[in-house]
file model11.pdb (PDB, C-alpha atoms)
ATOM      1  CA  MET Y1154     -17.061  17.764  -8.935
ATOM      2  CA  THR Y1155     -18.287  15.209  -6.446
ATOM      3  CA  GLU Y1156     -16.302  13.311  -3.855
ATOM      4  CA  VAL Y1157     -16.386  10.227  -6.046
ATOM      5  CA  ASP Y1158     -14.827  12.167  -8.931
ATOM      6  CA  ALA Y1159     -12.058  13.511  -6.686
ATOM      7  CA  ILE Y1160     -11.306  10.047  -5.310
ATOM      8  CA  THR Y1161     -11.250   8.610  -8.829
ATOM      9  CA  LEU Y1162      -8.885  11.373  -9.954
ATOM     10  CA  ILE Y1163      -6.496  10.741  -7.059
ATOM     11  CA  ARG Y1164      -6.669   6.961  -7.557
ATOM     12  CA  ASP Y1165      -5.907   7.283 -11.273
ATOM     13  CA  ALA Y1166      -2.993   9.651 -10.572
ATOM     14  CA  LEU Y1167      -1.492   7.209  -8.079
ATOM     15  CA  PHE Y1168      -2.000   4.293 -10.462
ATOM     16  CA  VAL Y1169      -0.290   6.125 -13.345
ATOM     17  CA  THR Y1170       2.593   7.097 -11.039
ATOM     18  CA  LEU Y1171       2.992   3.495  -9.915
ATOM     19  CA  LYS Y1172       2.786   2.230 -13.485
ATOM     20  CA  LEU Y1173       5.433   4.696 -14.713
ATOM     21  CA  SER Y1174       7.877   4.177 -11.855
ATOM     22  CA  SER Y1175       7.665   0.388 -11.617
ATOM     23  CA  PRO Y1176      10.131  -0.484 -14.433
ATOM     24  CA  ILE Y1177      12.751   1.857 -12.974
ATOM     25  CA  LEU Y1178      12.266   0.686  -9.408
ATOM     26  CA  LEU Y1179      12.253  -2.998 -10.335
ATOM     27  CA  THR Y1180      15.424  -2.579 -12.357
ATOM     28  CA  ALA Y1181      17.194  -0.789  -9.528
ATOM     29  CA  MET Y1182      16.064  -3.469  -7.094
ATOM     30  CA  VAL Y1183      17.227  -6.388  -9.256
ATOM     31  CA  VAL Y1184      20.580  -4.802 -10.102
ATOM     32  CA  GLY Y1185      21.125  -3.877  -6.460
ATOM     33  CA  LEU Y1186      20.323  -7.430  -5.385
ATOM     34  CA  VAL Y1187      22.703  -8.951  -7.936
ATOM     35  CA  ILE Y1188      25.494  -6.546  -7.021
ATOM     36  CA  GLY Y1189      24.856  -7.196  -3.326
ATOM     37  CA  ILE Y1190      25.110 -10.957  -3.837
ATOM     38  CA  LEU Y1191      28.319 -10.536  -5.839
ATOM     39  CA  GLN Y1192      29.797  -8.280  -3.161
ATOM     40  CA  THR Y1193      28.887 -10.757  -0.451
ATOM     41  CA  THR Y1194      30.382 -13.735  -2.262
ATOM     42  CA  THR Y1195      33.606 -11.906  -3.092
ATOM     43  CA  SER Y1196      33.834 -10.157   0.311
ATOM     44  CA  ILE Y1197      34.223  -6.769  -1.349
ATOM     45  CA  GLN Y1198      32.296  -4.340   0.841
ATOM     46  CA  GLU Y1199      32.729  -1.125  -1.137
ATOM     47  CA  PRO Y1200      29.394   0.781  -1.182
ATOM     48  CA  THR Y1201      30.214   2.746  -4.339
ATOM     49  CA  ILE Y1202      30.511  -0.367  -6.518
ATOM     50  CA  ALA Y1203      26.733  -0.730  -6.827
ATOM     51  CA  PHE Y1204      26.188   2.886  -7.868
ATOM     52  CA  VAL Y1205      27.483   2.790 -11.454
ATOM     53  CA  PRO Y1206      25.666  -0.413 -12.578
ATOM     54  CA  LYS Y1207      22.422   0.874 -11.069
ATOM     55  CA  LEU Y1208      22.837   4.221 -12.773
ATOM     56  CA  LEU Y1209      23.548   2.644 -16.169
ATOM     57  CA  SER Y1210      20.715   0.144 -15.908
ATOM     58  CA  ILE Y1211      18.210   2.825 -14.880
ATOM     59  CA  PHE Y1212      19.335   4.995 -17.788
ATOM     60  CA  ALA Y1213      18.896   2.038 -20.166
ATOM     61  CA  VAL Y1214      15.409   1.331 -18.837
ATOM     62  CA  ILE Y1215      14.412   4.971 -19.262
ATOM     63  CA  VAL Y1216      15.685   4.938 -22.856
ATOM     64  CA  VAL Y1217      13.881   1.676 -23.658
ATOM     65  CA  PHE Y1218      10.579   2.618 -22.008
ATOM     66  CA  ALA Y1219      10.579   6.342 -22.846
ATOM     67  CA  GLY Y1220       8.000   6.030 -25.625
ATOM     68  CA  TRP Y1221       5.628   4.003 -23.477
ATOM     69  CA  MET Y1222       6.064   6.374 -20.534
ATOM     70  CA  LEU Y1223       5.396   9.415 -22.695
ATOM     71  CA  GLN Y1224       2.320   7.796 -24.246
ATOM     72  CA  THR Y1225       0.974   6.853 -20.807
ATOM     73  CA  MET Y1226       1.483  10.379 -19.470
ATOM     74  CA  THR Y1227      -0.109  11.879 -22.581
ATOM     75  CA  ASP Y1228      -3.154   9.602 -22.318
ATOM     76  CA  TYR Y1229      -3.615  10.446 -18.645
ATOM     77  CA  THR Y1230      -3.284  14.175 -19.300
ATOM     78  CA  ARG Y1231      -5.765  13.991 -22.163
ATOM     79  CA  ASP Y1232      -8.258  12.110 -19.972
ATOM     80  CA  LEU Y1233      -7.730  14.649 -17.196
ATOM     81  CA  PHE Y1234      -8.439  17.587 -19.507
ATOM     82  CA  LEU Y1235     -11.535  15.837 -20.861
ATOM     83  CA  MET Y1236     -12.720  15.313 -17.277
ATOM     84  CA  ILE Y1237     -12.166  19.005 -16.505
ATOM     85  CA  GLU Y1238     -13.990  19.971 -19.673
ATOM     86  CA  LYS Y1239     -16.930  17.817 -18.604
ATOM     87  CA  PHE Y1240     -17.464  19.923 -15.485
TER      88      PHE Y1240
END

call {"tool": "encode", "arguments": {"input": "model11.pdb", "output": "structure tokens"}}
result
Amino acid sequence: MTEVDAITLIRDALFVTLKLSSPILLTAMVVGLVIGILQTTTSIQEPTIAFVPKLLSIFAVIVVFAGWMLQTMTDYTRDLFLMIEKF
């Protein structure tokens, strides 16, 4: 395995990680922003109010995108094993 292969492997792993985590992180960010705006406009400063909507929305996103996430992880793992087999 050359340095180029190792760098490509690390780059692909980081890209797959970013691709898989982005729907969850974006959902948490948007829900947190909306809840924060609602808390600011209503002057309710309870920190636990944002927890339940974030938790439910993240769970919903995981349920909706589970098939795509599993397929992406499977494709990456298959490509990784094929790369190992090549060497």

call {"tool": "residues_around", "arguments": {"input": "model11.pdb", "residues": "region 1215-1229 of chain Y", "least_positions_apart": "6", "cutoff": "8 Å", "atoms": "only C-alpha atoms", "output": "number ranges by chain"}}
result
Y: 1169, 1173, 1177

call {"tool": "resolve_selection", "arguments": {"input": "model11.pdb", "expression": "the PyMOL selection byres ((chain Y and resi 1203) around 9)", "output": "PyMOL selection string"}}
result
chain Y and resi 1184-1185+1188-1189+1192+1199-1202+1204-1208

call {"tool": "closest_residue", "arguments": {"input": "model11.pdb", "among": "Y:Arg1231, Y:Phe1212, Y:Ile1237, Y:Val1157", "to": "Pro1176 (chain Y)", "atoms": "all atoms listed in the file"}}
result
Y:Phe1212

call {"tool": "atom_distance", "arguments": {"input": "model11.pdb", "atom1": "CA of Leu1209 (chain Y)", "atom2": "CA of Ala1166 (chain Y)"}}
result
28.0 Å

call {"tool": "atom_distance", "arguments": {"input": "model11.pdb", "atom1": "CA of Phe1234 (chain Y)", "atom2": "CA of Ser1174 (chain Y)"}}
result
22.5 Å

call {"tool": "closest_residue", "arguments": {"input": "model11.pdb", "among": "Y:Ile1197, Y:Met1236, Y:Leu1186, Y:Leu1179", "to": "Val1214 (chain Y)", "atoms": "only C-alpha atoms"}}
result
Y:Leu1179

call {"tool": "resolve_selection", "arguments": {"input": "model11.pdb", "expression": "the PyMOL selection byres ((chain Y and resi 1154-1156) around 12)", "output": "CSV table (one decimal) with C-alpha atoms, keeping the file's coordinate frame"}}
result
chain,number,residue,atom,x,y,z
Y,1157,VAL,CA,-16.4,10.2,-6.0
Y,1158,ASP,CA,-14.8,12.2,-8.9
Y,1159,ALA,CA,-12.1,13.5,-6.7
Y,1160,ILE,CA,-11.3,10.0,-5.3
Y,1161,THR,CA,-11.2,8.6,-8.8
Y,1162,LEU,CA,-8.9,11.4,-10.0
Y,1163,ILE,CA,-6.5,10.7,-7.1
Y,1236,MET,CA,-12.7,15.3,-17.3
Y,1237,ILE,CA,-12.2,19.0,-16.5
Y,1238,GLU,CA,-14.0,20.0,-19.7
Y,1239,LYS,CA,-16.9,17.8,-18.6
Y,1240,PHE,CA,-17.5,19.9,-15.5

call {"tool": "atom_distance", "arguments": {"input": "model11.pdb", "atom1": "CA of Asp1165 (chain Y)", "atom2": "CA of Leu1233 (chain Y)"}}
result
9.6 Å

call {"tool": "build_atoms", "arguments": {"input": "model11.pdb", "residues": "region 1175-1207 of chain Y", "atoms": "N, CA and C atoms", "output": "CSV table (one decimal), in the frame of the given file"}}
result
chain,number,residue,atom,x,y,z
Y,1175,SER,N,7.4,1.8,-11.9
Y,1175,SER,CA,7.7,0.4,-11.6
Y,1175,SER,C,8.8,-0.2,-12.4
Y,1176,PRO,N,9.0,0.1,-13.7
Y,1176,PRO,CA,10.1,-0.5,-14.4
Y,1176,PRO,C,11.5,0.0,-13.9
Y,1177,ILE,N,11.5,1.3,-13.5
Y,1177,ILE,CA,12.8,1.9,-13.0
Y,1177,ILE,C,13.1,1.3,-11.6
Y,1178,LEU,N,12.1,1.2,-10.8
Y,1178,LEU,CA,12.3,0.7,-9.4
Y,1178,LEU,C,12.6,-0.8,-9.4
Y,1179,LEU,N,11.9,-1.6,-10.3
Y,1179,LEU,CA,12.3,-3.0,-10.3
Y,1179,LEU,C,13.7,-3.2,-10.9
Y,1180,THR,N,14.1,-2.5,-11.8
Y,1180,THR,CA,15.4,-2.6,-12.4
Y,1180,THR,C,16.5,-2.3,-11.3
Y,1181,ALA,N,16.3,-1.2,-10.6
Y,1181,ALA,CA,17.2,-0.8,-9.5
Y,1181,ALA,C,17.2,-1.9,-8.4
Y,1182,MET,N,16.1,-2.4,-8.1
Y,1182,MET,CA,16.1,-3.5,-7.1
Y,1182,MET,C,16.8,-4.7,-7.5
Y,1183,VAL,N,16.6,-5.2,-8.8
Y,1183,VAL,CA,17.2,-6.4,-9.3
Y,1183,VAL,C,18.7,-6.2,-9.4
Y,1184,VAL,N,19.1,-5.1,-10.0
Y,1184,VAL,CA,20.6,-4.8,-10.1
Y,1184,VAL,C,21.2,-4.7,-8.7
Y,1185,GLY,N,20.6,-4.0,-7.8
Y,1185,GLY,CA,21.1,-3.9,-6.5
Y,1185,GLY,C,21.3,-5.2,-5.8
Y,1186,LEU,N,20.3,-6.1,-6.0
Y,1186,LEU,CA,20.3,-7.4,-5.4
Y,1186,LEU,C,21.5,-8.3,-6.0
Y,1187,VAL,N,21.6,-8.2,-7.3
Y,1187,VAL,CA,22.7,-9.0,-7.9
Y,1187,VAL,C,24.1,-8.4,-7.5
Y,1188,ILE,N,24.2,-7.1,-7.5
Y,1188,ILE,CA,25.5,-6.5,-7.0
Y,1188,ILE,C,25.7,-6.9,-5.6
Y,1189,GLY,N,24.7,-6.8,-4.7
Y,1189,GLY,CA,24.9,-7.2,-3.3
Y,1189,GLY,C,25.3,-8.6,-3.1
Y,1190,ILE,N,24.7,-9.5,-3.9
Y,1190,ILE,CA,25.1,-11.0,-3.8
Y,1190,ILE,C,26.6,-11.1,-4.3
Y,1191,LEU,N,26.9,-10.5,-5.4
Y,1191,LEU,CA,28.3,-10.5,-5.8
Y,1191,LEU,C,29.3,-10.0,-4.8
Y,1192,GLN,N,28.9,-8.9,-4.2
Y,1192,GLN,CA,29.8,-8.3,-3.2
Y,1192,GLN,C,29.9,-9.2,-1.9
Y,1193,THR,N,28.8,-9.9,-1.6
Y,1193,THR,CA,28.9,-10.8,-0.5
Y,1193,THR,C,29.7,-12.0,-0.7
Y,1194,THR,N,29.6,-12.5,-1.9
Y,1194,THR,CA,30.4,-13.7,-2.3
Y,1194,THR,C,31.9,-13.4,-2.4
Y,1195,THR,N,32.2,-12.2,-2.9
Y,1195,THR,CA,33.6,-11.9,-3.1
Y,1195,THR,C,34.2,-11.2,-1.9
Y,1196,SER,N,33.4,-10.9,-0.9
Y,1196,SER,CA,33.8,-10.2,0.3
Y,1196,SER,C,34.4,-8.8,0.0
Y,1197,ILE,N,33.9,-8.2,-1.0
Y,1197,ILE,CA,34.2,-6.8,-1.3
Y,1197,ILE,C,33.1,-5.9,-0.8
Y,1198,GLN,N,33.3,-5.1,0.2
Y,1198,GLN,CA,32.3,-4.3,0.8
Y,1198,GLN,C,32.4,-2.8,0.5
Y,1199,GLU,N,32.6,-2.5,-0.7
Y,1199,GLU,CA,32.7,-1.1,-1.1
Y,1199,GLU,C,31.3,-0.6,-1.5
Y,1200,PRO,N,30.8,0.4,-0.9
Y,1200,PRO,CA,29.4,0.8,-1.2
Y,1200,PRO,C,29.2,1.5,-2.5
Y,1201,THR,N,30.3,2.0,-3.1
Y,1201,THR,CA,30.2,2.7,-4.3
Y,1201,THR,C,30.2,1.8,-5.6
Y,1202,ILE,N,30.5,0.6,-5.4
Y,1202,ILE,CA,30.5,-0.4,-6.5
Y,1202,ILE,C,29.1,-0.5,-7.1
Y,1203,ALA,N,28.1,-0.5,-6.3
Y,1203,ALA,CA,26.7,-0.7,-6.8
Y,1203,ALA,C,26.2,0.5,-7.5
Y,1204,PHE,N,26.8,1.6,-7.3
Y,1204,PHE,CA,26.2,2.9,-7.9
Y,1204,PHE,C,26.2,2.9,-9.4
Y,1205,VAL,N,27.3,2.7,-10.0
Y,1205,VAL,CA,27.5,2.8,-11.5
Y,1205,VAL,C,26.6,1.8,-12.2
Y,1206,PRO,N,26.6,0.5,-11.9
Y,1206,PRO,CA,25.7,-0.4,-12.6
Y,1206,PRO,C,24.2,0.0,-12.4
Y,1207,LYS,N,23.8,0.4,-11.2
Y,1207,LYS,CA,22.4,0.9,-11.1
Y,1207,LYS,C,22.1,2.1,-11.9
